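To keep things clear, I will list the structure first and then write my remarks on it.
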Amino acid sequence: MKINPAKFIDNLKRDKARGNLAPHQIILLIALSNIYSISKSDTTEINVLNIEFQQVWKQHKNVFVSKNNTIGLPLKAFVNREYLQLTTSDVINDYRNNLELQSKIESIKMDRILTRLFHDSDIKEYLISRIVR
């Protein structure tokens, strides 16, 4: 079954605390999509994901205001929504602490809803168009 990208993005709970829509969850989706399109695997590691997240952030940082390029809170949001499942060595106390994430997350598995979303050939362009809206 095909996923409606607009509906999926509209259902994300994206922070707007500082007056602008936070780009973090969309950046995370683009990073996950890039990893999935290369590896064809629904599993990745935190270091791979964080490197890809930082690269996508750098590529698009001119279209949004936020300077906070940490992966922790969007990662937690996706775990809470069950879009991602983490295999961990211990309980993660602070998702804002990259060192804690790197030391405790053994693997990250994408839910089927994400992999189905990533099968759309135009998904990357669509996600880029939704970074700030």
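Letters A, B, ... go to the chains of the structure tokens in the order shown; residues in each chain start at 1; ligands are counted from 1 in the same order.
Those residues that approach Ala77 in chain A to within 12 Å, counting only C-alpha atoms, are Leu12, Lys13, Arg14, Asp15, His24, Gln25, Ile26, Leu28, Leu29, Ile71, Gly72, Leu73, Pro74, Asn80, Arg81, Glu82, Tyr83, Leu84, Gln85 and Tyr95 of chain A; same-chain residues fewer than 3 positions away are not listed.
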Go ahead and dump the residues you just picked, N, CA, C and O atoms, as a PDB file, in the first residue's frame.
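Writing the result to out.pdb gives the following:
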ATOM      1  N   LEU A  12       2.836  14.758  11.459  1.00  0.00           N
ATOM      2  CA  LEU A  12       3.972  14.888  12.367  1.00  0.00           C
ATOM      3  C   LEU A  12       3.700  16.032  13.333  1.00  0.00           C
ATOM      4  O   LEU A  12       3.103  17.043  12.962  1.00  0.00           O
ATOM      5  N   LYS A  13       4.150  15.872  14.562  1.00  0.00           N
ATOM      6  CA  LYS A  13       4.011  16.947  15.548  1.00  0.00           C
ATOM      7  C   LYS A  13       5.318  17.731  15.540  1.00  0.00           C
ATOM      8  O   LYS A  13       6.244  17.417  16.277  1.00  0.00           O
ATOM      9  N   ARG A  14       5.369  18.735  14.679  1.00  0.00           N
ATOM     10  CA  ARG A  14       6.588  19.522  14.510  1.00  0.00           C
ATOM     11  C   ARG A  14       6.539  20.755  15.388  1.00  0.00           C
ATOM     12  O   ARG A  14       5.591  21.522  15.349  1.00  0.00           O
ATOM     13  N   ASP A  15       7.588  20.956  16.156  1.00  0.00           N
ATOM     14  CA  ASP A  15       7.694  22.071  17.098  1.00  0.00           C
ATOM     15  C   ASP A  15       7.666  23.412  16.361  1.00  0.00           C
ATOM     16  O   ASP A  15       8.285  23.581  15.313  1.00  0.00           O
ATOM     17  N   HIS A  24      13.742  19.697  12.012  1.00  0.00           N
ATOM     18  CA  HIS A  24      14.446  18.501  12.466  1.00  0.00           C
ATOM     19  C   HIS A  24      13.840  17.174  12.004  1.00  0.00           C
ATOM     20  O   HIS A  24      14.565  16.286  11.564  1.00  0.00           O
ATOM     21  N   GLN A  25      12.525  17.011  12.101  1.00  0.00           N
ATOM     22  CA  GLN A  25      11.912  15.740  11.721  1.00  0.00           C
ATOM     23  C   GLN A  25      11.989  15.505  10.220  1.00  0.00           C
ATOM     24  O   GLN A  25      12.184  14.371   9.772  1.00  0.00           O
ATOM     25  N   ILE A  26      11.864  16.562   9.444  1.00  0.00           N
ATOM     26  CA  ILE A  26      11.974  16.412   7.990  1.00  0.00           C
ATOM     27  C   ILE A  26      13.421  16.103   7.607  1.00  0.00           C
ATOM     28  O   ILE A  26      13.666  15.247   6.741  1.00  0.00           O
ATOM     29  N   LEU A  28      15.511  14.537   9.467  1.00  0.00           N
ATOM     30  CA  LEU A  28      15.688  13.136   9.847  1.00  0.00           C
ATOM     31  C   LEU A  28      15.083  12.208   8.794  1.00  0.00           C
ATOM     32  O   LEU A  28      15.700  11.196   8.426  1.00  0.00           O
ATOM     33  N   LEU A  29      13.919  12.532   8.294  1.00  0.00           N
ATOM     34  CA  LEU A  29      13.296  11.713   7.241  1.00  0.00           C
ATOM     35  C   LEU A  29      14.159  11.674   5.983  1.00  0.00           C
ATOM     36  O   LEU A  29      14.325  10.615   5.368  1.00  0.00           O
ATOM     37  N   ILE A  71      20.308  15.576  16.688  1.00  0.00           N
ATOM     38  CA  ILE A  71      19.393  14.555  16.178  1.00  0.00           C
ATOM     39  C   ILE A  71      18.475  13.991  17.261  1.00  0.00           C
ATOM     40  O   ILE A  71      17.459  13.375  16.966  1.00  0.00           O
ATOM     41  N   GLY A  72      18.800  14.206  18.527  1.00  0.00           N
ATOM     42  CA  GLY A  72      18.138  13.532  19.640  1.00  0.00           C
ATOM     43  C   GLY A  72      16.636  13.666  19.726  1.00  0.00           C
ATOM     44  O   GLY A  72      15.925  12.657  19.850  1.00  0.00           O
ATOM     45  N   LEU A  73      16.112  14.877  19.688  1.00  0.00           N
ATOM     46  CA  LEU A  73      14.663  15.037  19.880  1.00  0.00           C
ATOM     47  C   LEU A  73      13.840  14.538  18.698  1.00  0.00           C
ATOM     48  O   LEU A  73      12.797  13.904  18.907  1.00  0.00           O
ATOM     49  N   PRO A  74      14.249  14.779  17.447  1.00  0.00           N
ATOM     50  CA  PRO A  74      13.474  14.159  16.366  1.00  0.00           C
ATOM     51  C   PRO A  74      13.565  12.626  16.401  1.00  0.00           C
ATOM     52  O   PRO A  74      12.583  11.944  16.112  1.00  0.00           O
ATOM     53  N   ASN A  80       8.896   7.434  19.734  1.00  0.00           N
ATOM     54  CA  ASN A  80       7.602   7.515  20.426  1.00  0.00           C
ATOM     55  C   ASN A  80       6.432   7.223  19.484  1.00  0.00           C
ATOM     56  O   ASN A  80       5.422   6.649  19.906  1.00  0.00           O
ATOM     57  N   ARG A  81       6.545   7.618  18.225  1.00  0.00           N
ATOM     58  CA  ARG A  81       5.487   7.355  17.241  1.00  0.00           C
ATOM     59  C   ARG A  81       5.617   5.967  16.619  1.00  0.00           C
ATOM     60  O   ARG A  81       4.837   5.598  15.747  1.00  0.00           O
ATOM     61  N   GLU A  82       6.663   5.236  17.026  1.00  0.00           N
ATOM     62  CA  GLU A  82       6.951   3.886  16.546  1.00  0.00           C
ATOM     63  C   GLU A  82       7.323   3.834  15.068  1.00  0.00           C
ATOM     64  O   GLU A  82       7.149   2.817  14.396  1.00  0.00           O
ATOM     65  N   TYR A  83       7.878   4.929  14.557  1.00  0.00           N
ATOM     66  CA  TYR A  83       8.424   4.932  13.199  1.00  0.00           C
ATOM     67  C   TYR A  83       9.816   4.306  13.199  1.00  0.00           C
ATOM     68  O   TYR A  83      10.273   3.820  12.171  1.00  0.00           O
ATOM     69  N   LEU A  84      10.480   4.365  14.351  1.00  0.00           N
ATOM     70  CA  LEU A  84      11.796   3.766  14.528  1.00  0.00           C
ATOM     71  C   LEU A  84      11.787   2.917  15.788  1.00  0.00           C
ATOM     72  O   LEU A  84      11.153   3.285  16.781  1.00  0.00           O
ATOM     73  N   GLN A  85      12.507   1.808  15.748  1.00  0.00           N
ATOM     74  CA  GLN A  85      12.705   0.981  16.921  1.00  0.00           C
ATOM     75  C   GLN A  85      14.205   0.938  17.195  1.00  0.00           C
ATOM     76  O   GLN A  85      14.997   0.676  16.283  1.00  0.00           O
ATOM     77  N   TYR A  95      18.120  12.254  25.453  1.00  0.00           N
ATOM     78  CA  TYR A  95      18.216  12.188  24.002  1.00  0.00           C
ATOM     79  C   TYR A  95      18.981  13.373  23.412  1.00  0.00           C
ATOM     80  O   TYR A  95      19.378  13.337  22.260  1.00  0.00           O
TER      81      TYR A  95
END
Within 12 Å of Asp90 in chain A using only C-alpha atoms, minus same-chain residues under 3 positions, as a ChimeraX atom specification: /A:86-87,93-94,100-106
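Shortest separation to Ile46 in chain A among A:Ser33, A:Ser107, A:Phe64, A:Phe118 occurs at residue A:Ser107, atoms counted being only C-alpha atoms.
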Every residue of range 31-74 of chain A that DSSP places in helix (DSSP H, G or I), as a ChimeraX atom specification: /A:31-39,46-63,72-74
Pull the strand (DSSP E) assignments for chain A out of DSSP run on the backbone, and list those residues as a list in words.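 Filtering chain A to strand (DSSP E) leaves Thr43, Thr44, Leu84, Gln85, Leu86, Thr87, Thr88, Ile105, Glu106, Ser107, Ile108, Lys109 and Met110 of chain A.
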Ranking A:Met1, A:Val63, A:Ile108, A:Leu114 by minimum distance to Lys76 in chain A and counting only C-alpha atoms, which one comes first?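 For Lys76 in chain A, the nearest of the candidates is A:Ile108.
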Just to confirm, what's the straight-line distance from CA of Leu127 in chain A to CA of Ile30 in chain A in Å (one decimal)?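 Going from CA of Leu127 in chain A over to CA of Ile30 in chain A, I get 6.6 Å.
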Give me the residues within 12 Å of Ile3 in chain A as a ChimeraX atom specification, counting only C-alpha atoms and dropping any in the same chain fewer than 2 places off. /A:1,5-9,112-120,123
Could you write out that same residue set with N, CA and C atoms as a PDB file, in the first residue's frame?
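See out_10.pdb below for the written result:
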ATOM      1  N   MET A   1       0.839  -1.180   0.000  1.00  0.00           N
ATOM      2  CA  MET A   1       0.000   0.000   0.000  1.00  0.00           C
ATOM      3  C   MET A   1       0.886   1.246   0.000  1.00  0.00           C
ATOM      4  N   PRO A   5       2.432  10.963   1.163  1.00  0.00           N
ATOM      5  CA  PRO A   5       3.471  11.762   1.833  1.00  0.00           C
ATOM      6  C   PRO A   5       2.934  13.025   2.502  1.00  0.00           C
ATOM      7  N   ALA A   6       1.996  13.717   1.869  1.00  0.00           N
ATOM      8  CA  ALA A   6       1.452  14.952   2.448  1.00  0.00           C
ATOM      9  C   ALA A   6       0.746  14.665   3.764  1.00  0.00           C
ATOM     10  N   LYS A   7      -0.047  13.613   3.767  1.00  0.00           N
ATOM     11  CA  LYS A   7      -0.776  13.250   4.981  1.00  0.00           C
ATOM     12  C   LYS A   7       0.200  12.836   6.089  1.00  0.00           C
ATOM     13  N   PHE A   8       1.222  12.069   5.712  1.00  0.00           N
ATOM     14  CA  PHE A   8       2.210  11.626   6.693  1.00  0.00           C
ATOM     15  C   PHE A   8       2.905  12.833   7.328  1.00  0.00           C
ATOM     16  N   ILE A   9       3.380  13.767   6.524  1.00  0.00           N
ATOM     17  CA  ILE A   9       4.087  14.952   7.029  1.00  0.00           C
ATOM     18  C   ILE A   9       3.146  15.826   7.852  1.00  0.00           C
ATOM     19  N   ARG A 112       7.869  -0.224   8.852  1.00  0.00           N
ATOM     20  CA  ARG A 112       7.406  -0.429   7.475  1.00  0.00           C
ATOM     21  C   ARG A 112       6.778   0.816   6.863  1.00  0.00           C
ATOM     22  N   ILE A 113       6.144   1.632   7.683  1.00  0.00           N
ATOM     23  CA  ILE A 113       5.530   2.853   7.151  1.00  0.00           C
ATOM     24  C   ILE A 113       6.587   3.758   6.518  1.00  0.00           C
ATOM     25  N   LEU A 114       7.781   3.818   7.123  1.00  0.00           N
ATOM     26  CA  LEU A 114       8.852   4.635   6.549  1.00  0.00           C
ATOM     27  C   LEU A 114       9.392   4.016   5.274  1.00  0.00           C
ATOM     28  N   THR A 115       9.641   2.726   5.285  1.00  0.00           N
ATOM     29  CA  THR A 115      10.194   2.105   4.082  1.00  0.00           C
ATOM     30  C   THR A 115       9.204   2.181   2.922  1.00  0.00           C
ATOM     31  N   ARG A 116       7.930   2.100   3.218  1.00  0.00           N
ATOM     32  CA  ARG A 116       6.924   2.276   2.153  1.00  0.00           C
ATOM     33  C   ARG A 116       6.925   3.710   1.646  1.00  0.00           C
ATOM     34  N   LEU A 117       7.066   4.656   2.561  1.00  0.00           N
ATOM     35  CA  LEU A 117       7.149   6.070   2.176  1.00  0.00           C
ATOM     36  C   LEU A 117       8.352   6.298   1.260  1.00  0.00           C
ATOM     37  N   PHE A 118       9.473   5.656   1.577  1.00  0.00           N
ATOM     38  CA  PHE A 118      10.703   5.853   0.818  1.00  0.00           C
ATOM     39  C   PHE A 118      10.685   5.186  -0.549  1.00  0.00           C
ATOM     40  N   HIS A 119       9.701   4.345  -0.822  1.00  0.00           N
ATOM     41  CA  HIS A 119       9.594   3.732  -2.149  1.00  0.00           C
ATOM     42  C   HIS A 119       9.065   4.709  -3.198  1.00  0.00           C
ATOM     43  N   ASP A 120       8.490   5.808  -2.773  1.00  0.00           N
ATOM     44  CA  ASP A 120       8.003   6.839  -3.694  1.00  0.00           C
ATOM     45  C   ASP A 120       9.215   7.488  -4.362  1.00  0.00           C
ATOM     46  N   ILE A 123      10.028  11.140  -3.357  1.00  0.00           N
ATOM     47  CA  ILE A 123       9.920  11.468  -1.932  1.00  0.00           C
ATOM     48  C   ILE A 123      10.978  12.466  -1.479  1.00  0.00           C
TER      49      ILE A 123
END
Nearest to Leu32 in chain A, chosen from A:Ser89, A:Lys124, A:Asn97, A:Asn68, with only C-alpha atoms counted in the distances: A:Lys124
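Taking only C-alpha atoms into account, Lys109 in chain A lies nearest to A:Thr44 out of the set A:Ala22, A:Thr44, A:Ile35, A:Asn4.
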Would you list the contacts of His60 in chain A as a PDB file with C-alpha atoms, in the first residue's frame, taking every protein, DNA or RNA residue within 10 Å and counting only C-alpha atoms, but skipping same-chain residues closer than 4 positions in sequence?
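Result file is around.pdb:
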ATOM      1  CA  PRO A  23      13.038  21.354  10.369  1.00  0.00           C
ATOM      2  CA  ILE A  27      15.785  16.479   8.014  1.00  0.00           C
ATOM      3  CA  GLN A  55      25.104  16.366   5.951  1.00  0.00           C
ATOM      4  CA  VAL A  56      21.440  16.953   5.112  1.00  0.00           C
ATOM      5  CA  PHE A  64      15.464  27.610   8.025  1.00  0.00           C
ATOM      6  CA  ILE A 128      12.910  18.987   0.793  1.00  0.00           C
ATOM      7  CA  ILE A 131      11.392  21.458   5.408  1.00  0.00           C
TER       8      ILE A 131
END
State, in Å with one decimal place, the distance from CA of Asp111 in chain A to CA of Lys40 in chain A.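 Calculated distance between CA of Asp111 in chain A and CA of Lys40 in chain A is 13.5 Å.
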So how far away is CA of Asp42 in chain A from CA of Met110 in chain A, in Å?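 Computing it gives 5.1 Å between the two atoms.
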